[in-house]
$ cat entry_17.tsv   # TSV, C-alpha atoms
chain	number	residue	atom	x	y	z
A	25	MET	CA	256.28	40.12	42.34
A	26	PRO	CA	254.17	37.00	42.67
A	27	THR	CA	254.10	34.68	39.73
A	28	THR	CA	250.79	33.34	38.45
A	29	ALA	CA	250.93	29.73	37.32
A	30	THR	CA	248.95	28.85	34.21
A	31	THR	CA	247.43	25.49	33.57
A	32	ARG	CA	248.08	24.23	30.07
A	33	ARG	CA	244.87	23.02	28.42
A	34	PRO	CA	244.95	19.60	26.67
A	35	SER	CA	245.56	19.97	22.92
A	36	ALA	CA	243.48	18.69	20.00
A	37	ALA	CA	246.06	15.92	19.60
A	38	THR	CA	244.29	14.12	22.43
A	39	LEU	CA	241.16	13.81	20.28
A	40	GLY	CA	240.33	10.99	17.93
A	41	HIS	CA	240.11	11.58	14.17
A	42	GLU	CA	236.32	11.89	14.13
A	43	GLU	CA	236.37	14.25	17.11
A	44	ARG	CA	238.91	16.50	15.38
A	45	GLU	CA	236.66	16.60	12.32
A	46	VAL	CA	233.75	17.71	14.49
A	47	LEU	CA	235.87	20.30	16.29
A	48	HIS	CA	237.05	22.03	13.15
A	49	ALA	CA	233.48	21.95	11.77
A	50	VAL	CA	232.33	23.64	15.01
A	51	GLY	CA	235.16	26.16	14.58
A	52	CYS	CA	233.82	26.97	11.12
A	53	GLY	CA	230.47	27.89	12.66
A	54	LEU	CA	228.46	24.91	11.41
A	55	ARG	CA	225.37	23.86	13.31
A	56	ASP	CA	224.80	20.30	14.53
A	57	ASP	CA	222.48	19.50	11.61
A	58	GLU	CA	225.03	20.86	9.12
A	59	ILE	CA	227.83	18.86	10.70
A	60	ALA	CA	225.63	15.76	10.65
A	61	ALA	CA	224.91	16.27	6.95
A	62	ALA	CA	228.57	16.90	6.13
A	63	LEU	CA	229.82	13.81	8.03
A	64	ALA	CA	226.85	11.58	7.16
A	65	VAL	CA	226.04	10.83	10.78
A	66	SER	CA	223.06	11.54	13.03
A	67	GLU	CA	222.65	14.78	14.97
A	68	ALA	CA	222.67	12.71	18.15
A	69	ALA	CA	226.11	11.35	17.21
A	70	VAL	CA	227.35	14.89	16.60
A	71	ALA	CA	226.02	16.07	19.96
A	72	GLY	CA	227.73	13.13	21.67
A	73	ARG	CA	231.08	13.87	20.04
A	74	ILE	CA	230.85	17.54	20.99
A	75	ALA	CA	230.17	16.56	24.61
A	76	ARG	CA	233.22	14.28	24.59
A	77	ILE	CA	235.36	17.03	23.04
A	78	LEU	CA	234.34	19.52	25.73
A	79	GLY	CA	235.14	16.97	28.44
A	80	LYS	CA	238.53	15.94	27.05
A	81	LEU	CA	239.67	19.53	26.47
A	82	GLY	CA	238.16	20.97	29.66
A	83	LEU	CA	236.02	23.47	27.72
A	84	ARG	CA	232.87	24.91	29.23
A	85	ASP	CA	230.71	25.37	26.10
A	86	ARG	CA	230.52	25.52	22.30
A	87	ALA	CA	231.85	29.09	22.15
A	88	ALA	CA	234.99	27.98	23.99
A	89	ALA	CA	235.32	25.10	21.48
A	90	ILE	CA	235.24	27.55	18.58
A	91	VAL	CA	238.00	29.64	20.18
A	92	HIS	CA	240.04	26.51	20.86
A	93	ALA	CA	239.67	25.38	17.21
A	94	PHE	CA	241.31	28.63	16.11
A	95	ASP	CA	243.93	28.61	18.88
A	96	CYS	CA	245.16	25.11	18.03
A	97	GLY	CA	245.23	25.76	14.26
A	98	LEU	CA	242.35	23.56	13.17
A	99	VAL	CA	240.71	26.65	11.68
A	100	ALA	CA	242.54	29.71	10.35
A	101	PRO	CA	240.81	33.11	10.18
A	102	GLY	CA	239.37	33.68	6.72
A	103	ARG	CA	240.62	30.34	5.45
A	104	GLY	CA	237.92	27.91	6.52
A	105	PRO	CA	238.55	24.47	7.99
A	106	ARG	CA	242.07	23.06	8.06
A	107	PRO	CA	243.00	19.47	8.78
A	108	PRO	CA	245.20	18.89	11.83
A	109	VAL	CA	248.88	18.38	11.16
A	110	ALA	CA	251.42	16.84	13.48
A	111	GLY	CA	254.03	19.48	12.81
A	112	PRO	CA	255.24	22.02	10.24
A	113	VAL	CA	254.70	20.81	6.70
A	114	PRO	CA	257.83	21.31	4.59
A	115	ARG	CA	256.96	23.47	1.63
A	116	SER	CA	258.62	21.00	-0.72
A	117	SER	CA	256.23	18.25	0.37
A	118	ALA	CA	252.99	20.23	0.23
A	119	GLY	CA	250.93	19.54	-2.87
A	120	ARG	CA	250.45	23.18	-3.87
A	121	ALA	CA	254.05	24.17	-3.15
A	122	ALA	CA	255.31	21.35	-5.35
A	123	GLY	CA	253.33	22.74	-8.27
A	124	ALA	CA	250.52	20.17	-8.27
A	125	LYS	CA	247.08	21.77	-8.48
A	126	VAL	CA	243.53	20.64	-8.64
A	127	GLN	CA	242.31	20.87	-12.24
A	128	ILE	CA	238.70	21.98	-12.62
A	129	SER	CA	236.91	21.70	-15.97
A	130	VAL	CA	233.75	23.68	-16.76
A	131	LEU	CA	233.93	23.60	-20.59
A	132	GLY	CA	231.83	20.44	-20.65
A	133	PRO	CA	230.47	18.29	-17.80
A	134	LEU	CA	231.93	19.61	-14.54
A	135	ARG	CA	234.86	17.57	-13.28
A	136	ALA	CA	237.86	17.97	-10.99
A	137	ARG	CA	241.08	16.00	-11.15
A	138	TYR	CA	244.27	15.80	-9.14
A	139	ASP	CA	247.40	14.01	-10.26
A	140	GLY	CA	245.42	12.20	-12.96
A	141	ARG	CA	242.72	11.05	-10.51
A	142	SER	CA	239.07	12.11	-10.77
A	143	LEU	CA	237.62	13.60	-7.58
A	144	ASP	CA	234.10	12.83	-6.37
A	145	LEU	CA	232.31	16.19	-6.23
A	146	GLY	CA	229.09	14.91	-4.68
A	147	HIS	CA	225.54	15.51	-5.85
A	148	LEU	CA	224.50	18.02	-8.52
A	149	ARG	CA	223.67	21.00	-6.26
A	150	GLN	CA	227.05	20.68	-4.62
A	151	GLN	CA	228.71	20.49	-8.04
A	152	ALA	CA	226.80	23.61	-9.09
A	153	VAL	CA	228.28	25.48	-6.10
A	154	LEU	CA	231.81	24.56	-7.23
A	155	ALA	CA	230.99	25.50	-10.83
A	156	ALA	CA	229.78	28.93	-9.66
A	157	LEU	CA	233.11	29.54	-7.91
A	158	ALA	CA	235.19	28.22	-10.83
A	159	LEU	CA	233.31	30.36	-13.36
A	160	ARG	CA	234.05	33.52	-11.36
A	161	GLY	CA	237.80	33.27	-11.92
A	162	GLY	CA	238.92	33.80	-8.32
A	163	ARG	CA	236.41	36.57	-7.55
A	164	THR	CA	234.41	36.30	-4.31
A	165	VAL	CA	230.84	34.98	-4.62
A	166	SER	CA	228.46	35.85	-1.80
A	167	GLN	CA	226.27	33.24	-0.15
A	168	GLN	CA	223.19	34.99	-1.53
A	169	GLU	CA	224.61	34.84	-5.06
A	170	LEU	CA	225.17	31.12	-4.63
A	171	LEU	CA	221.62	30.63	-3.37
A	172	ASP	CA	220.17	32.64	-6.27
A	173	GLY	CA	222.40	31.03	-8.88
A	174	VAL	CA	222.11	27.40	-7.77
A	175	TRP	CA	218.60	27.22	-6.26
A	176	GLY	CA	216.87	30.14	-8.02
A	177	SER	CA	213.28	30.67	-6.95
A	178	GLU	CA	213.27	27.50	-4.81
A	179	PRO	CA	215.78	28.22	-2.01
A	180	PRO	CA	216.60	25.40	0.43
A	181	PHE	CA	214.89	25.25	3.82
A	182	SER	CA	218.21	25.23	5.70
A	183	ASN	CA	221.54	27.01	5.38
A	184	VAL	CA	223.17	24.37	3.18
A	185	VAL	CA	225.79	26.47	1.38
A	186	PRO	CA	228.37	26.10	4.21
A	187	VAL	CA	227.72	22.35	4.23
A	188	HIS	CA	228.40	22.06	0.49
A	189	VAL	CA	231.52	24.21	0.80
A	190	TYR	CA	232.70	22.15	3.76
A	191	ARG	CA	232.34	18.92	1.76
A	192	LEU	CA	234.02	20.42	-1.31
A	193	ARG	CA	236.94	21.61	0.80
A	194	LYS	CA	237.46	18.08	2.10
A	195	THR	CA	237.32	16.66	-1.43
A	196	LEU	CA	239.61	19.26	-2.96
A	197	ARG	CA	242.21	19.33	-0.17
A	198	VAL	CA	244.74	16.97	-1.73
A	199	GLY	CA	248.47	16.47	-1.94
A	200	GLY	CA	249.07	16.53	1.81
A	201	GLY	CA	249.07	20.33	2.09
A	202	PRO	CA	247.14	22.23	4.78
A	203	ASP	CA	245.66	24.85	2.49
A	204	ALA	CA	242.01	24.88	1.39
A	205	VAL	CA	241.18	25.30	-2.29
A	206	ILE	CA	238.07	27.30	-1.32
A	207	GLU	CA	238.55	30.39	0.82
A	208	HIS	CA	235.94	32.17	2.92
A	209	ASP	CA	235.80	35.76	4.12
A	210	ARG	CA	233.05	38.10	5.31
A	211	CYS	CA	231.93	38.71	1.71
A	212	GLY	CA	231.59	35.07	0.62
A	213	TYR	CA	233.59	32.29	-0.99
A	214	ARG	CA	236.18	32.05	-3.75
A	215	LEU	CA	238.81	29.72	-5.16
A	216	ALA	CA	242.09	30.44	-3.41
A	217	PRO	CA	244.61	32.12	-5.75
A	218	GLY	CA	246.95	29.57	-7.27
A	219	ALA	CA	245.13	26.62	-5.72
A	220	ALA	CA	243.36	25.34	-8.85
A	221	GLU	CA	243.65	25.44	-12.61
A	222	VAL	CA	240.35	26.11	-14.39
A	223	ASP	CA	240.08	25.23	-18.09
A	224	LEU	CA	238.04	28.39	-18.75
A	225	ALA	CA	240.97	30.57	-17.64
A	226	ARG	CA	243.31	28.47	-19.80
A	227	MET	CA	241.01	28.90	-22.80
A	228	GLU	CA	240.83	32.67	-22.40
A	229	GLY	CA	244.60	32.83	-22.03
A	230	LEU	CA	245.09	30.98	-25.31
A	231	VAL	CA	242.64	33.32	-27.09
A	232	THR	CA	244.57	36.33	-25.77
A	233	GLU	CA	247.83	34.80	-27.02
A	234	ALA	CA	246.18	34.19	-30.39
A	235	GLY	CA	245.24	37.87	-30.66
A	236	THR	CA	248.81	38.84	-29.81
A	237	ALA	CA	250.16	36.51	-32.50
A	238	HIS	CA	247.77	37.95	-35.07
A	239	ARG	CA	248.78	41.53	-34.27
A	240	ALA	CA	252.43	40.46	-34.56
A	241	GLY	CA	251.78	39.29	-38.11
A	242	ASP	CA	251.68	35.53	-37.43
A	243	PRO	CA	248.15	34.38	-38.34
A	244	ALA	CA	249.28	30.73	-38.59
A	245	GLU	CA	250.28	30.79	-34.91
A	246	ALA	CA	247.01	32.54	-34.09
A	247	VAL	CA	245.10	29.69	-35.77
A	248	ARG	CA	247.12	27.10	-33.85
A	249	LEU	CA	246.43	28.79	-30.50
A	250	CYS	CA	242.72	29.12	-31.23
A	251	SER	CA	242.61	25.42	-32.12
A	252	GLN	CA	244.12	24.61	-28.73
A	253	ALA	CA	241.51	26.82	-27.04
A	254	LEU	CA	238.66	25.10	-28.87
A	255	ASP	CA	240.02	21.65	-27.98
A	256	LEU	CA	239.31	22.47	-24.32
A	257	PHE	CA	235.56	22.37	-25.03
A	258	ARG	CA	234.33	18.80	-24.52
A	259	GLY	CA	230.71	17.82	-24.76
A	260	GLU	CA	227.65	19.46	-23.26
A	261	LEU	CA	228.57	22.50	-21.18
A	262	LEU	CA	227.93	22.03	-17.43
A	263	ALA	CA	225.86	18.97	-18.30
A	264	GLY	CA	223.07	18.28	-15.83
A	265	LEU	CA	223.89	21.08	-13.40
A	266	PRO	CA	220.77	22.78	-12.00
A	267	GLY	CA	220.02	26.45	-11.44
A	268	PRO	CA	219.76	29.77	-13.32
A	269	LEU	CA	223.52	30.36	-13.21
A	270	ALA	CA	224.35	27.12	-15.02
A	271	GLU	CA	221.71	27.85	-17.66
A	272	LEU	CA	223.05	31.36	-18.30
A	273	GLU	CA	226.63	30.11	-18.41
A	274	ARG	CA	225.73	27.44	-20.95
A	275	LEU	CA	224.46	30.18	-23.26
A	276	ARG	CA	227.43	32.46	-22.60
A	277	LEU	CA	230.04	29.76	-23.09
A	278	THR	CA	228.32	28.52	-26.25
A	279	GLU	CA	228.49	32.03	-27.70
A	280	ARG	CA	232.11	32.30	-26.62
A	281	ARG	CA	232.99	29.04	-28.37
A	282	ILE	CA	231.32	30.26	-31.57
A	283	ALA	CA	233.18	33.58	-31.38
A	284	VAL	CA	236.56	31.84	-30.95
A	285	ALA	CA	235.78	29.44	-33.80
A	286	GLN	CA	234.84	32.36	-36.06
A	287	ARG	CA	238.11	34.15	-35.31
A	288	LYS	CA	240.11	31.03	-36.07
A	289	LEU	CA	238.21	30.31	-39.30
A	290	GLU	CA	238.51	33.91	-40.47
A	291	TRP	CA	242.29	33.71	-40.11
A	292	GLN	CA	242.30	30.38	-41.95
A	293	LEU	CA	240.42	31.93	-44.87
A	294	ARG	CA	242.81	34.86	-45.01
A	295	LEU	CA	245.68	32.36	-45.14
A	296	GLY	CA	244.04	30.69	-48.13
A	297	ARG	CA	243.32	27.47	-46.19
A	298	HIS	CA	239.77	27.22	-47.56
A	299	CYS	CA	239.41	23.45	-47.80
A	300	GLU	CA	240.69	23.11	-44.25
A	301	ALA	CA	237.94	25.41	-42.95
A	302	ILE	CA	234.99	23.91	-44.83
A	303	ALA	CA	234.30	20.88	-42.61
A	304	GLU	CA	234.31	22.94	-39.41
A	305	LEU	CA	232.15	25.65	-40.99
A	306	PHE	CA	229.62	23.06	-42.21
A	307	ALA	CA	229.39	21.64	-38.67
A	308	LEU	CA	229.04	25.10	-37.14
A	309	SER	CA	226.40	26.08	-39.70
A	310	THR	CA	224.40	22.93	-39.02
A	311	GLU	CA	224.56	23.55	-35.28
A	312	HIS	CA	223.62	27.24	-35.64
A	313	PRO	CA	221.63	27.58	-38.89
A	314	LEU	CA	220.51	31.15	-38.12
A	315	ASN	CA	224.05	32.48	-37.65
A	316	GLU	CA	224.50	34.59	-40.78
A	317	LEU	CA	228.18	35.30	-40.20
A	318	VAL	CA	228.92	31.56	-40.17
A	319	ALA	CA	226.87	31.15	-43.38
A	320	ALA	CA	228.84	33.97	-45.03
A	321	MET	CA	232.16	32.42	-44.01
A	322	LEU	CA	231.06	29.03	-45.36
A	323	MET	CA	230.16	30.67	-48.67
A	324	ARG	CA	233.61	32.26	-48.84
A	325	ALA	CA	235.36	28.97	-48.01
A	326	LEU	CA	233.37	27.06	-50.65
A	327	TYR	CA	234.01	29.70	-53.30
A	328	GLY	CA	237.71	29.74	-52.41
A	329	SER	CA	237.76	25.97	-52.95
A	330	GLY	CA	236.26	26.34	-56.43
A	331	ARG	CA	232.71	25.40	-55.38
A	332	GLN	CA	230.74	28.47	-56.44
A	333	ALA	CA	227.45	26.58	-56.90
A	334	ASP	CA	227.66	25.12	-53.40
A	335	ALA	CA	228.39	28.58	-52.01
A	336	LEU	CA	225.25	29.99	-53.66
A	337	ALA	CA	223.23	27.04	-52.32
A	338	VAL	CA	224.32	27.97	-48.77
A	339	PHE	CA	222.84	31.44	-49.28
A	340	ASP	CA	219.57	30.00	-50.57
A	341	ARG	CA	219.33	27.62	-47.63
A	342	ALA	CA	220.04	30.41	-45.12
A	343	ARG	CA	217.49	32.70	-46.80
A	344	ARG	CA	214.74	30.08	-46.56
A	345	ARG	CA	215.59	29.23	-42.93
A	346	LEU	CA	215.55	32.89	-41.86
A	347	ALA	CA	212.18	33.40	-43.52
A	348	ALA	CA	210.66	30.25	-41.99
A	349	ASP	CA	212.01	30.63	-38.43
A	350	LEU	CA	212.24	34.39	-37.96
A	351	GLY	CA	210.18	35.89	-40.77
A	352	VAL	CA	213.09	38.13	-41.86
A	353	PRO	CA	215.18	38.46	-45.04
A	354	PRO	CA	218.96	37.91	-45.08
A	355	SER	CA	221.03	40.71	-43.60
A	356	ARG	CA	222.89	43.20	-45.73
A	357	MET	CA	226.18	41.43	-44.92
A	358	LEU	CA	224.90	38.06	-46.17
A	359	ARG	CA	223.39	39.62	-49.31
A	360	ARG	CA	226.70	41.36	-50.09
A	361	THR	CA	228.56	38.06	-49.71
A	362	PHE	CA	226.07	36.46	-52.12
A	363	GLN	CA	226.64	39.21	-54.70
A	364	MET	CA	230.43	38.95	-54.41
A	365	VAL	CA	230.29	35.14	-54.86
A	366	LEU	CA	227.97	35.60	-57.84
A	367	ARG	CA	230.35	37.97	-59.63
A	368	GLY	CA	233.59	36.32	-58.44
A	369	ASP	CA	234.89	39.24	-56.38
A	370	GLU	CA	237.80	37.46	-54.66
A	371	ALA	CA	239.29	40.67	-53.22
A	372	GLY	CA	235.95	41.61	-51.68
A	373	LEU	CA	235.60	38.10	-50.23
A	374	GLY	CA	239.06	38.36	-48.64
A	375	LEU	CA	240.30	35.38	-50.68
A	376	THR	CA	243.43	36.91	-52.15
A	377	GLY	CA	245.41	33.94	-50.75
A	378	ARG	CA	243.56	31.62	-53.14
$ encode --input "entry_17.tsv" --output "structure tokens"
Amino acid sequence: MPTTATTRRPSAATLGHEEREVLHAVGCGLRDDEIAAALAVSEAAVAGRIARILGKLGLRDRAAAIVHAFDCGLVAPGRGPRPPVAGPVPRSSAGRAAGAKVQISVLGPLRARYDGRSLDLGHLRQQAVLAALALRGGRTVSQQELLDGVWGSEPPFSNVVPVHVYRLRKTLRVGGGPDAVIEHDRCGYRLAPGAAEVDLARMEGLVTEAGTAHRAGDPAEAVRLCSQALDLFRGELLAGLPGPLAELERLRLTERRIAVAQRKLEWQLRLGRHCEAIAELFALSTEHPLNELVAAMLMRALYGSGRQADALAVFDRARRRLAADLGVPPSRMLRRTFQMVLRGDEAGLGLTGR
């Protein structure tokens, strides 16, 4: 049987660094204008590099370049762009395998760090794209969801989401490993499992542990865990990030912080640690003067500390604020707390630890 000889095509190793960058961007399906934006060069420069790539590799057109990018491992199906590597990367030397992860913080101004070093996440729209992925806890976010959440009613004129993701992948690919922190499939984008630590997930984990400790009869441990969860909040949530998603998440995360603080303070009161809770309750009440539950807890803490007159003054202040801002009287819960403080009903106030 005759044998057919095959001609081995030149590999991507024959390309220069900039040409390899262009090739794996082509393999990811980016257009010339998107590649130009991602690499901060002109479209003419991109077109020139693509022509040189085709010539060096003996490829007939762009479609053949895309296939070659996958064949030589510059791009992996469903995984987005991958940097070229000279050979197999030992698992012990790869950043993710060694346990080092990118740390992403959303409970304040968005930031990402690796090995103690802050990463440059680019301009605000690009940061908002990363925030949207981090806030979804590993769930896939479609391109349309990103457009709606980051740009709202003013969508961009071009398909910029892949460009932002491309840039973020380059920034977040650290530690020498080949894996991308952001994955792509036919449904959209997501943070790759195990690739990043997000402070929101850490906060929710601590709150869950606190609930477990409380049910196990250890309220002191529950308070400690809630304190750790609250310490993860730092400054204005998602400060400066544009878009409807960031605005909604600011409201949601603010409410979540209040809810966690209320759980912690309730357990402190039940432990009889009234003086310890007063300062935090005063700050929370000042920040949210229409929150009647916080006002009621502050009244209980003040009464438990022997400050009955101050507790009654909190009720009067809340009553006047509700009337002025909302035109409503205090709720039944707040009125009952007032009556119990007035008559010294410590059992009703849950202050038996006093």
$ residues_around --input "entry_17.tsv" --residues "Ala320 (chain A)" --least-positions-apart "4" --cutoff "9 Å" --atoms "all atoms listed in the file" --output "PyMOL selection string"
chain A and resi 315-316+324-325+335+338-339+357-359+361-362
$ atom_distance --input "entry_17.tsv" --atom1 "CA of Val318 (chain A)" --atom2 "CA of Gln363 (chain A)"
16.6 Å
$ residues_around --input "entry_17.tsv" --residues "Arg345 (chain A)" --least-positions-apart "4" --cutoff "8 Å" --atoms "only C-alpha atoms" --output "ChimeraX atom specification"
/A:313-314,341,349-350
$ write_last_selection --input "entry_17.tsv" --atoms "C-alpha atoms" --output "PDB file, keeping the file's coordinate frame"
ATOM      1  CA  PRO A 313     221.630  27.580 -38.890  1.00  0.00           C
ATOM      2  CA  LEU A 314     220.510  31.150 -38.120  1.00  0.00           C
ATOM      3  CA  ARG A 341     219.330  27.620 -47.630  1.00  0.00           C
ATOM      4  CA  ASP A 349     212.010  30.630 -38.430  1.00  0.00           C
ATOM      5  CA  LEU A 350     212.240  34.390 -37.960  1.00  0.00           C
TER       6      LEU A 350
END
$ closest_residue --input "entry_17.tsv" --among "A:Arg86, A:Asp242, A:Ile282, A:Val198" --to "Leu143 (chain A)" --atoms "only C-alpha atoms"
A:Val198
$ atom_distance --input "entry_17.tsv" --atom1 "CA of Ala347 (chain A)" --atom2 "CA of Glu271 (chain A)"
28.1 Å
$ residues_around --input "entry_17.tsv" --residues "region 69-72 of chain A" --least-positions-apart "5" --cutoff "8 Å" --atoms "all atoms listed in the file" --output "PyMOL selection string"
chain A and resi 46+56+59-60
$ residues_around --input "entry_17.tsv" --residues "Ser251 (chain A)" --least-positions-apart "5" --cutoff "12 Å" --atoms "only C-alpha atoms" --output "PyMOL selection string"
chain A and resi 227+230-231+233-234+244-246+256-257+281+284-289+291-292+301+304
$ atom_distance --input "entry_17.tsv" --atom1 "CA of Ile206 (chain A)" --atom2 "CA of Gly173 (chain A)"
17.8 Å
$ residues_near_point --input "entry_17.tsv" --point "(236.6, 23.9, 23.9)" --cutoff "10 Å" --atoms "all atoms listed in the file" --output "PyMOL selection string"
chain A and resi 33-36+47+50-51+74-75+77-93
$ closest_residue --input "entry_17.tsv" --among "A:Val365, A:Ile128, A:Leu134, A:Val189" --to "Pro266 (chain A)" --atoms "all atoms listed in the file"
A:Leu134
$ closest_residue --input "entry_17.tsv" --among "A:Arg163, A:Arg297, A:Arg44, A:Arg210" --to "Ser329 (chain A)" --atoms "all atoms listed in the file"
A:Arg297
$ build_atoms --input "entry_17.tsv" --residues "region 263-277 of chain A" --atoms "N, CA, C and O atoms" --output "short mmCIF file (atom, residue, chain, number, x, y, z; two decimals), in the coordinates of the input"
data_model
loop_
_atom_site.label_atom_id
_atom_site.label_comp_id
_atom_site.auth_asym_id
_atom_site.auth_seq_id
_atom_site.Cartn_x
_atom_site.Cartn_y
_atom_site.Cartn_z
N ALA A 263 226.94 19.94 -18.09
CA ALA A 263 225.86 18.97 -18.30
C ALA A 263 225.18 18.58 -16.99
O ALA A 263 225.84 18.17 -16.03
N GLY A 264 223.87 18.73 -16.95
CA GLY A 264 223.07 18.28 -15.83
C GLY A 264 223.04 19.18 -14.62
O GLY A 264 222.27 18.94 -13.69
N LEU A 265 223.86 20.24 -14.59
CA LEU A 265 223.89 21.08 -13.40
C LEU A 265 222.63 21.94 -13.32
O LEU A 265 222.23 22.56 -14.31
N PRO A 266 222.01 22.02 -12.14
CA PRO A 266 220.77 22.78 -12.00
C PRO A 266 221.04 24.26 -11.72
O PRO A 266 222.15 24.65 -11.38
N GLY A 267 219.97 25.06 -11.87
CA GLY A 267 220.02 26.45 -11.44
C GLY A 267 220.16 27.45 -12.57
O GLY A 267 220.66 27.14 -13.65
N PRO A 268 219.70 28.69 -12.31
CA PRO A 268 219.76 29.77 -13.32
C PRO A 268 221.18 30.08 -13.77
O PRO A 268 221.42 30.40 -14.93
N LEU A 269 222.15 30.02 -12.84
CA LEU A 269 223.52 30.36 -13.21
C LEU A 269 224.06 29.40 -14.26
O LEU A 269 224.65 29.82 -15.27
N ALA A 270 223.86 28.10 -14.06
CA ALA A 270 224.35 27.12 -15.02
C ALA A 270 223.70 27.33 -16.38
O ALA A 270 224.37 27.21 -17.42
N GLU A 271 222.41 27.64 -16.39
CA GLU A 271 221.71 27.85 -17.66
C GLU A 271 222.27 29.07 -18.39
O GLU A 271 222.52 29.03 -19.61
N LEU A 272 222.49 30.16 -17.67
CA LEU A 272 223.05 31.36 -18.30
C LEU A 272 224.47 31.11 -18.79
O LEU A 272 224.86 31.58 -19.88
N GLU A 273 225.25 30.38 -18.01
CA GLU A 273 226.63 30.11 -18.41
C GLU A 273 226.69 29.19 -19.61
O GLU A 273 227.61 29.30 -20.43
N ARG A 274 225.76 28.28 -19.75
CA ARG A 274 225.73 27.44 -20.95
C ARG A 274 225.58 28.31 -22.18
O ARG A 274 226.27 28.12 -23.20
N LEU A 275 224.67 29.28 -22.12
CA LEU A 275 224.46 30.18 -23.26
C LEU A 275 225.70 31.03 -23.52
O LEU A 275 226.15 31.18 -24.66
N ARG A 276 226.26 31.58 -22.44
CA ARG A 276 227.43 32.46 -22.60
C ARG A 276 228.62 31.70 -23.17
O ARG A 276 229.30 32.18 -24.09
N LEU A 277 228.88 30.52 -22.63
CA LEU A 277 230.04 29.76 -23.09
C LEU A 277 229.84 29.23 -24.50
O LEU A 277 230.81 29.09 -25.26
#
